[in-house]
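What follows is input_22.cif (mmCIF, C-alpha atoms and all ligand atoms).
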data_query
loop_
_atom_site.label_atom_id
_atom_site.label_comp_id
_atom_site.auth_asym_id
_atom_site.auth_seq_id
_atom_site.Cartn_x
_atom_site.Cartn_y
_atom_site.Cartn_z
CA MET K 1308 -41.86 56.63 1.30
CA THR K 1309 -40.87 59.13 4.01
CA ASP K 1310 -37.31 57.83 3.89
CA ARG K 1311 -37.12 58.25 0.16
CA ARG K 1312 -38.38 61.83 0.36
CA ASN K 1313 -35.86 62.62 3.07
CA ALA K 1314 -33.03 61.24 1.02
CA PHE K 1315 -34.03 63.41 -1.89
CA SER K 1316 -34.60 66.56 0.08
CA ALA K 1317 -30.80 66.88 0.25
CA ASP K 1318 -29.71 69.54 -2.19
CA PRO K 1319 -26.53 67.78 -3.39
CA MET K 1320 -28.67 64.91 -4.68
CA ASN K 1321 -30.90 67.13 -6.81
CA THR K 1322 -27.93 69.06 -8.11
CA MET K 1323 -26.26 65.79 -8.96
CA LEU K 1324 -29.29 64.46 -10.88
CA ASN K 1325 -29.31 67.60 -13.00
CA LEU K 1326 -25.56 67.40 -13.64
CA VAL K 1327 -25.58 63.87 -15.04
CA GLU K 1328 -28.76 64.20 -17.08
CA GLY K 1329 -27.18 63.39 -20.44
CA TYR K 1330 -25.37 60.34 -19.11
CA THR K 1331 -28.45 59.08 -17.28
CA GLU K 1332 -30.24 58.41 -20.54
CA GLU K 1333 -27.24 56.53 -21.89
CA MET K 1334 -26.70 54.36 -18.81
CA THR K 1335 -30.40 53.61 -18.41
CA ALA K 1336 -30.81 52.60 -22.06
CA LEU K 1337 -27.82 50.27 -21.85
CA ARG K 1338 -28.98 48.83 -18.54
CA ARG K 1339 -32.43 48.09 -19.90
CA SER K 1340 -30.99 46.50 -23.02
CA PHE K 1341 -28.79 44.21 -20.87
CA HIS K 1342 -31.76 43.51 -18.60
CA ALA K 1343 -33.96 42.37 -21.48
CA LYS K 1344 -31.35 39.85 -22.64
CA PRO K 1345 -29.63 38.58 -19.49
CA GLU K 1346 -26.56 36.37 -19.88
CA THR K 1347 -25.12 34.25 -17.07
CA GLY K 1348 -21.43 33.97 -16.23
CA TRP K 1349 -19.07 33.19 -19.16
CA THR K 1350 -21.92 33.56 -21.68
CA GLU K 1351 -22.07 37.39 -21.68
CA PHE K 1352 -21.30 37.55 -25.42
CA ARG K 1353 -23.96 40.08 -26.39
CA THR K 1354 -23.26 42.20 -23.31
CA THR K 1355 -19.53 42.19 -24.08
CA ALA K 1356 -20.11 42.97 -27.77
CA ILE K 1357 -22.29 45.98 -26.91
CA LEU K 1358 -19.78 47.25 -24.36
CA VAL K 1359 -16.81 46.78 -26.72
CA GLU K 1360 -18.61 48.61 -29.51
CA HIS K 1361 -19.52 51.44 -27.12
CA LEU K 1362 -15.97 51.73 -25.74
CA LYS K 1363 -14.34 51.62 -29.16
CA ALA K 1364 -16.72 54.29 -30.44
CA LEU K 1365 -15.43 56.49 -27.61
CA GLY K 1366 -11.93 56.05 -29.04
CA LEU K 1367 -10.68 53.99 -26.12
CA GLU K 1368 -8.12 51.22 -26.36
CA VAL K 1369 -10.12 48.02 -25.74
CA ARG K 1370 -8.69 44.65 -24.78
CA GLN K 1371 -10.69 41.43 -24.70
CA GLY K 1372 -10.52 37.63 -25.01
CA LEU K 1373 -7.26 35.99 -23.97
CA ASP K 1374 -5.76 39.44 -23.60
CA VAL K 1375 -7.80 39.95 -20.41
CA ILE K 1376 -8.50 36.34 -19.34
CA ASN K 1377 -5.94 33.75 -18.28
CA PRO K 1378 -7.67 30.49 -19.25
CA ASP K 1379 -5.63 28.49 -16.72
CA PHE K 1380 -7.48 30.28 -13.92
CA VAL K 1381 -11.00 30.23 -15.38
CA MET K 1382 -13.46 28.65 -12.94
CA GLY K 1383 -17.00 27.36 -13.37
CA ARG K 1384 -17.16 27.76 -17.16
CA TYR K 1385 -19.19 25.06 -18.90
CA GLU K 1386 -18.49 24.51 -22.59
CA GLU K 1387 -22.04 23.48 -23.55
CA GLU K 1388 -23.53 26.59 -21.94
CA VAL K 1389 -20.85 28.77 -23.54
CA GLU K 1390 -21.58 27.37 -27.01
CA ALA K 1391 -25.33 27.90 -26.53
CA GLY K 1392 -24.58 31.45 -25.36
CA LYS K 1393 -22.57 32.15 -28.53
CA LYS K 1394 -25.42 30.91 -30.74
CA ARG K 1395 -27.95 33.02 -28.85
CA ALA K 1396 -25.73 36.10 -29.20
CA LEU K 1397 -25.47 35.53 -32.95
CA ARG K 1398 -29.26 35.21 -33.17
CA GLU K 1399 -29.58 38.46 -31.23
CA GLY K 1400 -27.48 40.42 -33.68
CA VAL K 1401 -23.86 40.02 -32.55
CA SER K 1402 -21.56 39.71 -35.56
CA GLN K 1403 -19.34 36.67 -36.07
CA GLU K 1404 -16.39 39.05 -36.17
CA ALA K 1405 -17.24 40.51 -32.74
CA LEU K 1406 -17.67 37.00 -31.37
CA ASP K 1407 -14.36 35.81 -32.81
CA ALA K 1408 -12.57 38.75 -31.17
CA MET K 1409 -13.65 37.38 -27.77
CA GLN K 1410 -11.86 34.06 -28.38
CA GLY K 1411 -14.56 32.29 -26.37
CA TYR K 1412 -14.11 34.46 -23.27
CA THR K 1413 -16.39 37.28 -22.22
CA GLY K 1414 -15.45 40.53 -20.45
CA ALA K 1415 -13.43 43.51 -21.57
CA LEU K 1416 -10.99 46.16 -20.46
CA ALA K 1417 -10.94 49.74 -21.76
CA VAL K 1418 -7.98 52.00 -21.13
CA LEU K 1419 -7.97 55.79 -21.17
CA ASP K 1420 -4.42 57.13 -21.21
CA THR K 1421 -4.50 60.88 -20.70
CA GLY K 1422 -0.85 61.16 -21.79
CA ARG K 1423 -0.13 63.10 -18.60
CA PRO K 1424 1.75 61.64 -15.62
CA GLY K 1425 -0.49 60.49 -12.81
CA PRO K 1426 -1.82 57.42 -11.08
CA VAL K 1427 -3.38 54.37 -12.71
CA THR K 1428 -6.94 54.02 -11.42
CA ALA K 1429 -9.13 51.04 -12.25
CA LEU K 1430 -12.91 50.89 -11.92
CA ARG K 1431 -14.37 47.40 -11.86
CA PHE K 1432 -17.90 46.46 -12.97
CA ASP K 1433 -19.41 42.98 -13.16
CA ILE K 1434 -21.78 42.14 -16.00
CA ASP K 1435 -23.44 38.72 -15.50
CA ALA K 1436 -27.01 37.64 -14.74
CA LEU K 1437 -28.54 34.85 -12.64
CA TYR K 1438 -30.61 31.70 -13.02
CA VAL K 1439 -33.66 33.44 -11.61
CA PRO K 1440 -36.96 33.67 -13.52
CA GLU K 1441 -38.33 37.22 -13.63
CA THR K 1442 -41.66 37.90 -11.92
CA ASP K 1443 -44.75 38.42 -14.09
CA ASP K 1444 -46.12 41.02 -11.66
CA PRO K 1445 -47.41 43.82 -13.94
CA GLU K 1446 -46.23 46.44 -11.41
CA HIS K 1447 -42.60 45.28 -11.75
CA LEU K 1448 -40.85 48.09 -13.67
CA PRO K 1449 -39.33 45.91 -16.44
CA ASN K 1450 -42.85 44.51 -17.10
CA ARG K 1451 -44.45 47.94 -16.99
CA LEU K 1452 -41.95 49.45 -19.41
CA GLY K 1453 -41.39 46.39 -21.57
CA PHE K 1454 -37.76 45.51 -20.85
CA ALA K 1455 -38.29 42.30 -18.83
CA SER K 1456 -36.08 39.29 -19.47
CA GLU K 1457 -36.62 37.64 -22.84
CA HIS K 1458 -34.50 34.67 -21.75
CA PRO K 1459 -36.70 32.23 -19.80
CA GLY K 1460 -35.29 31.37 -16.37
CA LEU K 1461 -32.59 34.04 -16.50
CA MET K 1462 -32.64 37.50 -14.99
CA HIS K 1463 -30.43 40.37 -13.93
CA ALA K 1464 -31.53 39.97 -10.32
CA CYS K 1465 -28.41 41.43 -8.72
CA GLY K 1466 -28.08 44.67 -10.67
CA HIS K 1467 -25.00 43.81 -12.72
CA ASP K 1468 -26.91 45.22 -15.71
CA CYS K 1469 -26.87 48.55 -13.83
CA HIS K 1470 -23.15 48.16 -13.08
CA ALA K 1471 -22.36 47.59 -16.77
CA GLY K 1472 -24.49 50.62 -17.74
CA VAL K 1473 -22.82 52.86 -15.13
CA GLY K 1474 -19.35 51.69 -16.25
CA ALA K 1475 -20.08 52.39 -19.91
CA ALA K 1476 -21.39 55.88 -19.14
CA LEU K 1477 -18.38 56.58 -16.92
CA ALA K 1478 -16.04 55.70 -19.77
CA HIS K 1479 -17.96 58.24 -21.85
CA TRP K 1480 -17.67 60.85 -19.09
CA ALA K 1481 -13.91 60.24 -18.72
CA VAL K 1482 -13.40 60.71 -22.47
CA ASP K 1483 -15.47 63.91 -22.37
CA HIS K 1484 -13.37 65.19 -19.43
CA LYS K 1485 -10.01 63.88 -20.59
CA ASP K 1486 -8.45 67.34 -20.58
CA GLU K 1487 -9.22 67.69 -16.88
CA LEU K 1488 -7.68 64.33 -15.96
CA CYS K 1489 -4.19 62.88 -15.64
CA GLY K 1490 -2.68 59.40 -15.46
CA VAL K 1491 -4.45 56.31 -16.75
CA ILE K 1492 -8.00 55.12 -16.11
CA LYS K 1493 -8.93 51.49 -16.65
CA PHE K 1494 -12.52 50.32 -17.01
CA ILE K 1495 -12.83 46.64 -16.15
CA PHE K 1496 -15.95 44.77 -17.25
CA GLN K 1497 -15.68 41.47 -15.42
CA PRO K 1498 -17.59 38.33 -16.41
CA ALA K 1499 -19.00 35.64 -14.11
CA GLU K 1500 -19.11 37.34 -10.70
CA GLU K 1501 -22.02 35.14 -9.62
CA GLY K 1502 -20.49 32.03 -8.12
CA THR K 1503 -17.30 34.11 -7.74
CA ARG K 1504 -15.84 32.63 -10.92
CA GLY K 1505 -14.49 35.42 -13.11
CA ALA K 1506 -12.14 37.70 -11.16
CA LEU K 1507 -9.28 35.25 -10.69
CA ALA K 1508 -8.76 34.72 -14.44
CA MET K 1509 -8.58 38.50 -14.96
CA ALA K 1510 -6.26 39.02 -11.98
CA GLU K 1511 -3.98 36.24 -13.24
CA ARG K 1512 -3.78 37.88 -16.67
CA GLY K 1513 -2.14 40.79 -14.85
CA ILE K 1514 -4.65 43.46 -15.92
CA VAL K 1515 -4.47 45.24 -12.55
CA ASP K 1516 -0.75 44.74 -11.88
CA ASP K 1517 0.06 48.38 -12.74
CA VAL K 1518 -2.95 49.76 -10.84
CA ASP K 1519 -2.45 52.27 -8.01
CA ASN K 1520 -6.14 52.54 -7.06
CA LEU K 1521 -8.92 50.01 -7.63
CA ILE K 1522 -12.54 50.94 -6.98
CA ALA K 1523 -15.34 48.38 -6.95
CA SER K 1524 -18.99 49.02 -6.17
CA HIS K 1525 -22.43 47.43 -6.03
CA ILE K 1526 -25.99 48.68 -6.29
CA ALA K 1527 -27.43 47.86 -2.90
CA CYS K 1528 -30.51 47.12 -0.92
CA THR K 1529 -29.25 48.02 2.55
CA PRO K 1530 -28.64 51.71 1.91
CA ARG K 1531 -31.79 53.43 0.68
CA LEU K 1532 -32.03 55.34 -2.57
CA GLY K 1533 -29.90 58.44 -2.34
CA HIS K 1534 -27.61 56.88 0.26
CA VAL K 1535 -24.08 55.54 -0.11
CA THR K 1536 -22.21 53.17 2.18
CA VAL K 1537 -18.46 52.81 2.20
CA THR K 1538 -17.49 49.20 2.72
CA ASP K 1539 -15.51 48.35 5.86
CA PRO K 1540 -13.49 45.15 6.25
CA GLY K 1541 -15.78 42.16 5.92
CA TYR K 1542 -17.11 39.61 3.44
CA ASN K 1543 -16.27 35.94 3.75
CA ALA K 1544 -13.52 34.24 1.86
CA THR K 1545 -14.97 31.31 -0.07
CA ILE K 1546 -13.92 28.38 -2.21
CA LYS K 1547 -16.59 26.69 -4.33
CA PHE K 1548 -15.75 23.28 -5.72
CA ASP K 1549 -17.09 20.07 -7.19
CA VAL K 1550 -15.93 16.70 -5.93
CA HIS K 1551 -15.99 13.92 -8.53
CA PHE K 1552 -15.85 10.30 -7.36
CA GLU K 1553 -15.34 7.47 -9.81
CA GLY K 1554 -15.81 3.81 -8.88
CA ARG K 1555 -16.36 0.55 -10.75
CA PRO K 1556 -19.67 -1.01 -11.82
CA ALA K 1557 -20.91 -4.43 -10.71
CA HIS K 1558 -24.25 -6.17 -10.18
CA SER K 1559 -25.46 -5.04 -6.77
CA VAL K 1560 -26.45 -8.58 -5.69
CA ALA K 1561 -24.56 -11.06 -7.84
CA ASN K 1562 -21.05 -9.66 -7.35
CA PRO K 1563 -21.04 -6.43 -5.32
CA GLN K 1564 -17.53 -7.30 -4.10
CA ASP K 1565 -16.25 -6.42 -7.58
CA GLY K 1566 -17.83 -2.96 -7.57
CA ARG K 1567 -16.48 0.29 -6.12
CA ASN K 1568 -19.27 2.55 -4.87
CA ALA K 1569 -18.78 6.22 -5.82
CA LEU K 1570 -22.19 7.27 -4.45
CA MET K 1571 -21.44 5.86 -0.99
CA ALA K 1572 -18.10 7.72 -0.95
CA ALA K 1573 -20.00 10.94 -1.69
CA CYS K 1574 -22.68 10.30 0.95
CA HIS K 1575 -20.10 9.50 3.64
CA THR K 1576 -18.13 12.61 2.71
CA ALA K 1577 -21.28 14.73 3.09
CA VAL K 1578 -21.88 13.34 6.57
CA MET K 1579 -18.23 13.56 7.57
CA VAL K 1580 -17.73 17.21 6.63
CA GLY K 1581 -20.64 18.13 8.90
CA SER K 1582 -18.71 16.92 11.94
CA LEU K 1583 -15.32 18.42 11.13
CA PRO K 1584 -13.96 20.75 13.80
CA ARG K 1585 -14.58 24.47 13.25
CA HIS K 1586 -11.93 27.05 14.05
CA GLY K 1587 -11.91 29.15 17.20
CA ALA K 1588 -10.46 32.20 15.42
CA GLY K 1589 -13.61 33.00 13.43
CA LEU K 1590 -16.44 31.83 11.25
CA THR K 1591 -15.98 28.76 9.08
CA THR K 1592 -18.77 27.04 7.15
CA VAL K 1593 -18.99 24.04 4.89
CA SER K 1594 -21.99 23.22 2.71
CA CYS K 1595 -22.83 20.34 0.45
CA GLY K 1596 -25.74 21.56 -1.65
CA ARG K 1597 -26.08 18.80 -4.20
CA ILE K 1598 -25.08 15.19 -4.81
CA VAL K 1599 -25.75 13.54 -8.15
CA GLY K 1600 -24.73 9.94 -8.44
CA GLY K 1601 -25.43 6.44 -9.66
CA GLU K 1602 -26.68 4.96 -12.88
CA MET K 1603 -29.58 2.58 -12.08
CA ARG K 1604 -31.25 0.57 -9.34
CA ASN K 1605 -29.16 -2.58 -9.34
CA VAL K 1606 -25.75 -1.36 -10.40
CA ILE K 1607 -23.03 -0.37 -7.95
CA PRO K 1608 -22.80 3.41 -8.63
CA VAL K 1609 -19.79 4.33 -10.76
CA LYS K 1610 -20.04 8.10 -10.67
CA ALA K 1611 -20.98 10.72 -8.12
CA VAL K 1612 -20.52 14.48 -8.09
CA MET K 1613 -20.89 16.74 -5.05
CA GLN K 1614 -21.38 20.50 -5.29
CA MET K 1615 -19.79 22.04 -2.23
CA GLU K 1616 -18.49 25.28 -0.83
CA VAL K 1617 -16.57 26.47 2.21
CA ARG K 1618 -16.40 29.97 3.69
CA GLY K 1619 -14.23 31.59 6.32
CA ALA K 1620 -14.05 35.00 7.97
CA THR K 1621 -10.49 35.28 6.61
CA ASN K 1622 -8.60 33.69 3.74
CA GLU K 1623 -6.64 31.58 6.26
CA LEU K 1624 -9.83 30.27 7.90
CA CYS K 1625 -11.25 29.48 4.49
CA GLU K 1626 -8.10 27.55 3.54
CA TYR K 1627 -8.25 25.77 6.89
CA VAL K 1628 -11.77 24.46 6.37
CA PHE K 1629 -11.00 23.61 2.72
CA SER K 1630 -8.01 21.50 3.79
CA GLN K 1631 -10.23 19.68 6.30
CA VAL K 1632 -12.70 18.88 3.54
CA GLU K 1633 -9.91 17.77 1.22
CA ARG K 1634 -8.77 15.28 3.85
CA ALA K 1635 -12.32 13.98 4.33
CA VAL K 1636 -12.74 13.50 0.58
CA LYS K 1637 -9.42 11.70 0.33
CA SER K 1638 -10.23 9.44 3.29
CA CYS K 1639 -13.68 8.51 1.99
CA ALA K 1640 -12.24 7.81 -1.45
CA GLU K 1641 -9.70 5.52 0.12
CA ALA K 1642 -12.29 3.81 2.33
CA PHE K 1643 -14.45 2.98 -0.70
CA ASP K 1644 -11.47 2.42 -3.02
CA VAL K 1645 -12.70 4.94 -5.59
CA LYS K 1646 -10.88 7.67 -7.50
CA PHE K 1647 -11.55 11.33 -6.71
CA ARG K 1648 -10.96 14.73 -8.23
CA ILE K 1649 -11.62 18.14 -6.64
CA VAL K 1650 -12.34 20.94 -9.15
CA LYS K 1651 -12.47 24.53 -7.93
CA VAL K 1652 -15.34 26.38 -9.61
CA GLY K 1653 -15.26 29.68 -7.72
CA GLN K 1654 -13.21 31.66 -5.25
CA ALA K 1655 -13.26 34.97 -3.40
CA TYR K 1656 -11.27 36.48 -0.55
CA ASN K 1657 -12.36 38.45 2.44
CA MET K 1658 -12.27 42.21 1.93
CA ASN K 1659 -9.78 44.59 3.53
CA PRO K 1660 -10.32 47.98 1.92
CA SER K 1661 -7.42 50.46 2.05
CA PRO K 1662 -8.49 53.05 4.67
CA ASP K 1663 -7.18 56.13 2.85
CA LEU K 1664 -8.88 55.16 -0.42
CA ALA K 1665 -12.09 54.38 1.50
CA ARG K 1666 -11.87 57.92 2.87
CA ILE K 1667 -11.64 59.32 -0.64
CA ILE K 1668 -14.81 57.38 -1.50
CA GLU K 1669 -16.48 58.75 1.63
CA ASP K 1670 -15.60 62.36 0.72
CA SER K 1671 -16.74 61.83 -2.88
CA ALA K 1672 -20.01 60.29 -1.67
CA ALA K 1673 -20.61 63.13 0.81
CA GLU K 1674 -20.09 65.64 -1.98
CA THR K 1675 -22.64 63.73 -4.06
CA VAL K 1676 -25.48 62.97 -1.63
CA GLY K 1677 -24.60 65.00 1.47
CA SER K 1678 -22.64 63.65 4.45
CA ASP K 1679 -25.86 62.75 6.32
CA ASN K 1680 -26.56 60.18 3.63
CA VAL K 1681 -23.15 58.47 3.78
CA ASP K 1682 -22.50 55.56 6.10
CA HIS K 1683 -20.21 52.59 6.62
CA TYR K 1684 -21.15 48.97 6.18
CA SER K 1685 -19.45 45.66 6.86
CA GLU K 1686 -20.77 42.67 4.94
CA LYS K 1687 -20.81 39.57 7.13
CA GLY K 1688 -22.73 36.99 5.14
CA GLY K 1689 -21.93 37.30 1.46
CA SER K 1690 -18.93 36.91 -0.80
CA GLU K 1691 -17.75 39.09 -3.70
CA ASP K 1692 -14.94 38.25 -6.11
CA ALA K 1693 -13.87 41.87 -6.63
CA THR K 1694 -11.89 40.99 -3.49
CA ILE K 1695 -9.49 38.96 -5.66
CA LEU K 1696 -8.70 41.97 -7.86
CA MET K 1697 -8.52 44.18 -4.76
CA ALA K 1698 -6.05 41.86 -3.02
CA ARG K 1699 -3.94 41.62 -6.17
CA VAL K 1700 -3.63 45.42 -6.31
CA GLN K 1701 -2.93 45.71 -2.58
CA ASN K 1702 -0.33 42.92 -2.62
CA LEU K 1703 1.53 44.84 -5.33
CA GLY K 1704 1.56 48.03 -3.27
CA GLY K 1705 -1.63 49.70 -4.57
CA ARG K 1706 -4.86 50.61 -2.82
CA ALA K 1707 -8.36 49.18 -3.23
CA ALA K 1708 -11.77 50.00 -1.79
CA HIS K 1709 -15.48 49.35 -2.33
CA PHE K 1710 -18.84 51.06 -1.86
CA TYR K 1711 -22.57 50.52 -2.23
CA TYR K 1712 -25.13 52.95 -3.62
CA GLY K 1713 -28.75 52.59 -2.64
CA ALA K 1714 -31.55 51.67 -5.00
CA ASP K 1715 -34.62 50.83 -2.89
CA HIS K 1716 -35.03 47.39 -4.44
CA LYS K 1717 -36.60 44.45 -2.60
CA GLY K 1718 -33.48 42.30 -2.23
CA ASN K 1719 -30.80 40.71 -4.37
CA HIS K 1720 -31.35 37.46 -6.28
CA ARG K 1721 -35.14 37.75 -6.12
CA SER K 1722 -37.42 37.56 -9.12
CA ASP K 1723 -38.92 40.93 -8.13
CA PHE K 1724 -35.53 42.67 -7.86
CA ASP K 1725 -36.39 46.09 -9.17
CA PRO K 1726 -33.98 48.97 -8.55
CA ASP K 1727 -35.05 52.52 -9.33
CA ASP K 1728 -32.52 52.69 -12.16
CA VAL K 1729 -33.12 56.26 -13.32
CA ARG K 1730 -32.40 57.68 -9.88
CA SER K 1731 -29.94 55.17 -8.37
CA MET K 1732 -27.47 54.69 -11.22
CA PRO K 1733 -26.61 58.41 -11.40
CA VAL K 1734 -25.59 58.23 -7.73
CA GLY K 1735 -23.09 55.44 -8.42
CA PHE K 1736 -21.96 57.27 -11.55
CA THR K 1737 -21.40 60.59 -9.80
CA VAL K 1738 -19.56 59.12 -6.82
CA HIS K 1739 -17.18 57.50 -9.34
CA THR K 1740 -16.65 60.76 -11.25
CA ARG K 1741 -15.82 62.57 -8.02
CA ILE K 1742 -13.42 59.80 -7.00
CA LEU K 1743 -11.73 60.15 -10.39
CA GLN K 1744 -11.52 63.93 -9.99
CA ARG K 1745 -9.83 63.42 -6.63
CA LEU K 1746 -7.46 60.67 -7.77
CA ASN K 1747 -6.82 61.65 -11.36
CA GLY K 1748 -7.86 65.30 -11.45
CA ARG K 1749 -5.29 67.13 -13.53
CA ASN K 1750 -4.64 69.71 -10.83
CA ASN K 1751 -5.14 67.66 -7.70
CA PRO K 1752 -4.11 64.02 -7.98
CA SER K 1753 -4.05 62.72 -4.41
CA ILE K 1754 -0.90 60.64 -4.88
ZN ZN W 1801 -24.08 41.13 -7.36
#

I need this file expressed as structure tokens, please.
Ligand SMILES: [Zn+2]
Amino acid sequence: MTDRRNAFSADPMNTMLNLVEGYTEEMTALRRSFHAKPETGWTEFRTTAILVEHLKALGLEVRQGLDVINPDFVMGRYEEEVEAGKKRALREGVSQEALDAMQGYTGALAVLDTGRPGPVTALRFDIDALYVPETDDPEHLPNRLGFASEHPGLMHACGHDCHAGVGAALAHWAVDHKDELCGVIKFIFQPAEEGTRGALAMAERGIVDDVDNLIASHIACTPRLGHVTVTDPGYNATIKFDVHFEGRPAHSVANPQDGRNALMAACHTAVMVGSLPRHGAGLTTVSCGRIVGGEMRNVIPVKAVMQMEVRGATNELCEYVFSQVERAVKSCAEAFDVKFRIVKVGQAYNMNPSPDLARIIEDSAAETVGSDNVDHYSEKGGSEDATILMARVQNLGGRAAHFYYGADHKGNHRSDFDPDDVRSMPVGFTVHTRILQRLNGRNNPSI
């Protein structure tokens, strides 16, 4: 409690809360609407429809569907779940026309072209929820105020509802302040961040290929409410994948010699990957979280699927451990004479923010919450697929950086995840507006 008071005793914070008052209502209402009807990755049809309607009403050019998603690079999208998501969205008031415009793919891009020369700046927001049931604790804010998840087993437990709300309000702000801006501002609403599934398909559609500056952000638990951290190099690169083995059935006693055991290939792979050599240059991990296999007690198992992931401190280390696993899978398949298939279902890179853009974030954050409340942070454990869009921009000569804004919640991916939305979202919002003023301010673009 003392910490929170200290954070708010800073004058810039109070000034900031007053400044964004009108937008706070808008972003909070949107956030709470998304929170009440959470949609997991690739099923964010209602969320996308609401965002598209909002962005179009602002007069922005809006792109969606195959115009922002390259289907050849879509990962971890399951047709049955997608179809159920479409039906649910229709039941919840989305029009068939709005759904058709998405061409089966969620997410959207809004473009504000000021008509004046200047840099192209993209702001990226993720929009998906998690398979986490929401707590029934009456003190939990969504329960107290009646906006808790209406979708059993699903919840916005990572704050992407807040991100979507902040992004929508920022688009509104940018339209309101168009005369003070130059260049082009892109608002990216990315589907399926959880499981690091959605960014690659957007990157491979080329939506950030003209971008000079990309900013990504996350509502956080490490910095307290009223604090901002600028992200230093960190995050793990990761590849998430399913391994499918396919054998041949036979009676397990009468003629096992005719069978080909897919389940045994999976089990041996799981054991083998645990003893693969790590790399001396940095962290590498390999996990097998799930094996599903076999048909019945006395049949040689025909099918087995393994859910696996690898991580590495760098992209190279991640590729190294993935290639080791590939070899193990191949060898076990050969040993048991079964077929195999490796399907990537998610991917993210490690993060290397551009130092000069990170500095612009730092200055914008200091102006918002006071320099005493701005820090640096390097994420060691997690992964984040904004890194794919960031790397794409950087590889093409642009800059990319990332920051967190505090929210005093209890921790991501928990059923009692409960950010103080009314006071934390305006911080993220204002830092973004100040970044835009620095990068795309009509009189002082920094490039
Ligand atoms: Zn998240």

Can you tell me how far atom CA of Met1613 of chain K sits from atom CA of Cys1639 of chain K, in Å to one decimal?
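Answer for the atom CA of Met1613 of chain K to atom CA of Cys1639 of chain K separation: 13.0 Å.
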
Could you give me, as a ChimeraX atom specification, the residues within 6 Å of segment 1525-1542 of chain K, counting only C-alpha atoms and dropping anything in the same chain fewer than 3 positions from it?
/K:1314,1657-1659,1680-1687,1689-1690,1709-1716,1718

Would you save the residues from that selection as a compact mmCIF listing (two decimals), keeping the file's coordinate frame, using C-alpha atoms?
# COMPACT_ATOMS: atom_id res chain seq x y z
CA ALA K 1314 -33.03 61.24 1.02
CA ASN K 1657 -12.36 38.45 2.44
CA MET K 1658 -12.27 42.21 1.93
CA ASN K 1659 -9.78 44.59 3.53
CA ASN K 1680 -26.56 60.18 3.63
CA VAL K 1681 -23.15 58.47 3.78
CA ASP K 1682 -22.50 55.56 6.10
CA HIS K 1683 -20.21 52.59 6.62
CA TYR K 1684 -21.15 48.97 6.18
CA SER K 1685 -19.45 45.66 6.86
CA GLU K 1686 -20.77 42.67 4.94
CA LYS K 1687 -20.81 39.57 7.13
CA GLY K 1689 -21.93 37.30 1.46
CA SER K 1690 -18.93 36.91 -0.80
CA HIS K 1709 -15.48 49.35 -2.33
CA PHE K 1710 -18.84 51.06 -1.86
CA TYR K 1711 -22.57 50.52 -2.23
CA TYR K 1712 -25.13 52.95 -3.62
CA GLY K 1713 -28.75 52.59 -2.64
CA ALA K 1714 -31.55 51.67 -5.00
CA ASP K 1715 -34.62 50.83 -2.89
CA HIS K 1716 -35.03 47.39 -4.44
CA GLY K 1718 -33.48 42.30 -2.23

Closest of K:Ser1402, K:Asn1377, K:Thr1503, K:Ser1594 to ligand ZN 1801 (chain W), counting all atoms listed in the file, is K:Thr1503

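With the cut-off set to 7 Å and all atoms listed in the file counted, the residues surrounding ligand ZN 1801 (chain W) are Cys1465, Gly1466, His1467, Glu1501 and His1525 of chain K.
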
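Using all atoms listed in the file for every distance, the candidate list K:Met1382, K:Val1580, K:Leu1365, K:Val1327 yields K:Met1382 as the residue closest to Ile1546 of chain K.
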
Within 8 Å of Gly1735 of chain K, counting all atoms listed in the file, which residues show up once you throw out same-chain ones fewer than 2 positions away? Write them as a PyMOL selection string, please.
chain K and resi 1473+1524+1526+1711-1712+1731-1733+1737-1739

Around (-16.0, 61.4, -20.2) in the file's own coordinates, what residues are found within 12 Å if you use all atoms listed in the file, given back as a PyMOL selection string?
chain K and resi 1327+1329-1330+1362+1365-1367+1419+1421+1474-1488+1492+1736-1737+1739-1740+1743-1744

So how many Å separate atom CA of Gly1653 of chain K and atom CA of Cys1595 of chain K, to one decimal?
14.5 Å

Using all atoms listed in the file, which residues sit within 12 Å of Ala1708 of chain K once same-chain residues fewer than 5 positions away are excluded, as a ChimeraX atom specification?
/K:1428-1431,1519-1525,1536-1541,1658-1669,1693-1698,1700-1701,1739,1742

Nearest candidate to Val1729 of chain K (options K:Ala1672, K:Arg1384, K:Cys1469, K:Asn1751; using only C-alpha atoms):
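Closest to Val1729 of chain K, using only C-alpha atoms: K:Cys1469.
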
So that I can look at just that part, could you write segment 1525-1529 of chain K with N, CA and C atoms, as a PDB file, in the first residue's frame?
ATOM      1  N   HIS K1525       3.562  -4.373 -22.663  1.00  0.00           N
ATOM      2  CA  HIS K1525       2.758  -5.341 -21.909  1.00  0.00           C
ATOM      3  C   HIS K1525       2.434  -4.761 -20.543  1.00  0.00           C
ATOM      4  N   ILE K1526       1.211  -4.971 -20.100  1.00  0.00           N
ATOM      5  CA  ILE K1526       0.837  -4.629 -18.732  1.00  0.00           C
ATOM      6  C   ILE K1526       1.565  -5.634 -17.840  1.00  0.00           C
ATOM      7  N   ALA K1527       2.118  -5.161 -16.723  1.00  0.00           N
ATOM      8  CA  ALA K1527       3.099  -6.002 -16.040  1.00  0.00           C
ATOM      9  C   ALA K1527       2.791  -6.229 -14.581  1.00  0.00           C
ATOM     10  N   CYS K1528       3.472  -7.237 -14.022  1.00  0.00           N
ATOM     11  CA  CYS K1528       3.344  -7.395 -12.581  1.00  0.00           C
ATOM     12  C   CYS K1528       4.628  -7.005 -11.876  1.00  0.00           C
ATOM     13  N   THR K1529       5.765  -7.041 -12.560  1.00  0.00           N
ATOM     14  CA  THR K1529       7.014  -6.681 -11.881  1.00  0.00           C
ATOM     15  C   THR K1529       7.036  -5.205 -11.521  1.00  0.00           C
TER      16      THR K1529
END
